[in-house]
Protein chains: 2
Amino acid sequence: MSETTPHRLRILLVGARGTLGKAVANELGKRHDIIKAGRGTGDLKLNLTDPAGMVAAMAEMGPVDAVICAAGEVAFAPLAQIRPATISESVYALGLTNKLLGQVNLALAAREVLRDGGSITLTGGILSEHPIVSGSSASMVNGALEGFVRGAAVEMPRGIRINLVSPSVLAESMDAYGPFFRGFEPVPAARVALAFSRSVEGPQTGQVYRVV
Amino acid sequence: MSETTPHRLRILLVGARGTLGKAVANELGKRHDIIKAGRGTGDLKLNLTDPAGMVAAMAEMGPVDAVICAAGEVAFAPLAQIRPATISESVYALGLTNKLLGQVNLALAAREVLRDGGSITLTGGILSEHPIVSGSSASMVNGALEGFVRGAAVEMPRGIRINLVSPSVLAESMDAYGPFFRGFEPVPAARVALAFSRSVEGPQTGQVYRVV
């Protein structure tokens with residue numbers, strides 16, 4: 001524990017309008033200042049698939065203590081419908097460019113705006129370990145994010161930390177996703193938000209916080 | 001175990017000329033027929049980054065019992081030199097298009113030529129779990145491959161299996177890679193080849209065989 005009283009942090013939260021983002025804002029907003037970012041709305045306009053725009057928006061925002069991403073899209077499709085293709089024509093393109101490279105680029109850009117000892121927290125998911133039908137892209141991307149945070153953690157400058165939160169299906173999403181996740185125990189977004197708190201307010205780096 | 005005597009298998013081996021590929025050919029070639037494939041030489045010309053050419057070459061080859069990949073490139077670069085970029089300009093492009101999507105496309109194409117109950121075996125690596133400096137792309141790609149085989153395994157048709165072999169640094173590669181892998185216990189390629197044998201000749205699917 002720090003020898004000083006924990007201070008109020010300035011936190012960039014990407015995907016603040018989503019189910020998970022709202023829960024993270026509720027949890028961390030109790031004691032910190034949240035800059036809410038999203039594609040169309042929020043304090044900051046930020047698109048995961050536009051790295052140059054992302055860098056510019058973050059430079060304008062100024063220094064922060066934490067960068068969180070609770071956004072990222074992948075395609076769900078039966079494997080039988082997925083054919084060999086170059087990356088631009090592949091079913092896997094959305095996941096690789098949006099949820100994976102979008103979050104990776106956010107982490108890379110975050111180095112420029114994070115204060116010493118700041119943190120980056122990205123979002124993966126349970127499908128890396130426990131597959132579902134039509135989920136091969138999500139399994140791939142979530143596995144990639146686990147590898148990336150482990151790899152990037154050992155090279156972050158100035159004590160910057162990076163972790164991944166890997167939740168099971170959200171209780172709030174069961175109306176939409178329930179049929180794909182039969183038998184999975186849903187987790188309330190508020191529980192997943194605690195893992196983001198651990199990443200931001202704890203001391204660890206290179207971790208995958210599984211919330212199941 | 002099968003009730004019949006194990007029969008001679010017809011196996012496509014991509015990357016047959018590499019250090020690992022040669023060891024796999026030695027191990028499985030003792031009792032099976034190996035079709036050696038590579039970019040420039042071999043029984044079959046096959047380029048991981050050319051999905052259409054891959055599909056055509058495999059169609060010409062005809063039915064096989066196993067498809068193995070012991071090839072795949074990633075870029076090694078200090079994280080400090082990696083900037084946010086779109087996929088086509090990213091340092092991560094090589095790993096994502098070659099070692100990841102190249103092997104994924106090979107697996108997708110393999111469905112068309114594998115006999116019922118055949119197998120696909122891809123190659124990942126230890127960096128998904130144990131990072132090294134300059135290895136964030138390899139960590140990402142190897143993690144993605146672990147997720148993909150788990151995800152794809154549950155959707156493969158006709159009893160086709162898919163596994164990943166994830167080796168530590170090869171003993172034969174220590175002259176070149178040793179300085180990056182200080183303290184890692186090198187594994188002889190012949191030991192790693194046993195994991196390919198387990199995948200091809202065993203009953204499992206969706207597995208990551210770690211050889212450390």
# chains A, B, ... in the order shown; residues from 1 in each chain; ligands from 1
call {"tool": "select_by_dssp", "arguments": {"residues": "range 71-198 of chain A", "states": "helix (DSSP H, G or I)", "output": "JSON, numbers by chain"}}
result
{"A": [79, 80, 81, 87, 88, 89, 93, 94, 95, 96, 97, 98, 99, 100, 101, 102, 103, 104, 105, 106, 107, 108, 109, 110, 126, 127, 128, 136, 137, 138, 139, 140, 141, 142, 143, 144, 145, 146, 147, 148, 149, 150, 151, 152, 153, 171, 172, 173, 174, 175, 176, 177, 178, 179, 180, 189, 190, 191, 192, 193, 194, 195, 196, 197, 198]}
call {"tool": "residues_around", "arguments": {"residues": "Ala93 in chain A", "least_positions_apart": "4", "cutoff": "10 Å", "atoms": "only C-alpha atoms", "output": "list in words"}}
result
Val74, Ala75, Ala85, Thr86, Ile87, Ser88, Glu89, Thr97, Asn98, Lys99, Leu100 and Ser137 of chain A; Ile87 and Leu101 of chain B
call {"tool": "closest_residue", "arguments": {"among": "B:Ile82, B:Val211, B:Ala189, B:Leu114", "to": "chain A", "atoms": "only C-alpha atoms"}}
result
B:Ile82
call {"tool": "closest_residue", "arguments": {"among": "B:Thr205, B:Asn26, B:Ser136, B:Gln81", "to": "chain A", "atoms": "only C-alpha atoms"}}
result
B:Ser136
call {"tool": "interface_residues", "arguments": {"of": "chain A", "to": "chain B", "cutoff": "9 Å", "atoms": "only C-alpha atoms", "output": "PyMOL selection string"}}
result
chain A and resi 49-52+54-55+78-80+82-87+92+96-97+101-102+104-109+127-157
call {"tool": "select_by_dssp", "arguments": {"residues": "chain A", "states": "strand (DSSP E)", "output": "PyMOL selection string"}}
result
chain A and resi 10-14+33-38+44-45+64-69+114-123+161-167+208-211
call {"tool": "residues_around", "arguments": {"residues": "range 173-177 of chain B", "least_positions_apart": "2", "cutoff": "10 Å", "atoms": "only C-alpha atoms", "output": "list in words"}}
result
Thr19, Leu20, Val169, Leu170, Ala171, Pro179, Phe180, Phe181, Arg182, Pro186, Val187, Pro188 and Ala189 of chain B
call {"tool": "write_last_selection", "arguments": {"atoms": "N, CA, C and O atoms", "output": "compact mmCIF listing (two decimals), in the first residue's frame"}}
result
# COMPACT_ATOMS: atom_id res chain seq x y z
N THR B 19 13.66 -26.02 -38.84
CA THR B 19 14.22 -26.85 -37.77
C THR B 19 13.16 -27.75 -37.16
O THR B 19 13.35 -28.95 -36.97
N LEU B 20 12.01 -27.15 -36.84
CA LEU B 20 10.93 -27.91 -36.23
C LEU B 20 10.31 -28.88 -37.24
O LEU B 20 10.05 -30.04 -36.93
N VAL B 169 11.72 -22.23 -26.44
CA VAL B 169 12.74 -21.99 -27.48
C VAL B 169 13.44 -23.32 -27.80
O VAL B 169 13.72 -24.13 -26.92
N LEU B 170 13.68 -23.57 -29.08
CA LEU B 170 14.32 -24.81 -29.51
C LEU B 170 15.81 -24.80 -29.19
O LEU B 170 16.49 -23.79 -29.39
N ALA B 171 16.30 -25.93 -28.73
CA ALA B 171 17.74 -26.07 -28.45
C ALA B 171 18.54 -25.74 -29.70
O ALA B 171 19.60 -25.09 -29.62
N PRO B 179 20.29 -15.11 -26.69
CA PRO B 179 20.33 -13.85 -25.93
C PRO B 179 18.95 -13.32 -25.56
O PRO B 179 18.83 -12.57 -24.60
N PHE B 180 17.92 -13.68 -26.32
CA PHE B 180 16.57 -13.22 -26.01
C PHE B 180 15.86 -14.13 -24.99
O PHE B 180 14.85 -13.76 -24.44
N PHE B 181 16.41 -15.33 -24.81
CA PHE B 181 15.74 -16.34 -23.98
C PHE B 181 16.62 -16.79 -22.81
O PHE B 181 16.62 -17.95 -22.46
N ARG B 182 17.37 -15.88 -22.22
CA ARG B 182 18.22 -16.23 -21.09
C ARG B 182 17.37 -16.86 -19.99
O ARG B 182 16.33 -16.32 -19.61
N PRO B 186 15.94 -24.66 -23.03
CA PRO B 186 15.68 -24.99 -24.43
C PRO B 186 15.18 -26.43 -24.55
O PRO B 186 15.56 -27.29 -23.77
N VAL B 187 14.33 -26.67 -25.56
CA VAL B 187 13.82 -28.02 -25.79
C VAL B 187 14.29 -28.50 -27.17
O VAL B 187 14.18 -27.78 -28.15
N PRO B 188 14.82 -29.71 -27.23
CA PRO B 188 15.23 -30.25 -28.54
C PRO B 188 14.01 -30.39 -29.45
O PRO B 188 12.93 -30.77 -28.99
N ALA B 189 14.19 -30.07 -30.72
CA ALA B 189 13.07 -30.16 -31.67
C ALA B 189 12.47 -31.56 -31.68
O ALA B 189 11.26 -31.72 -31.89
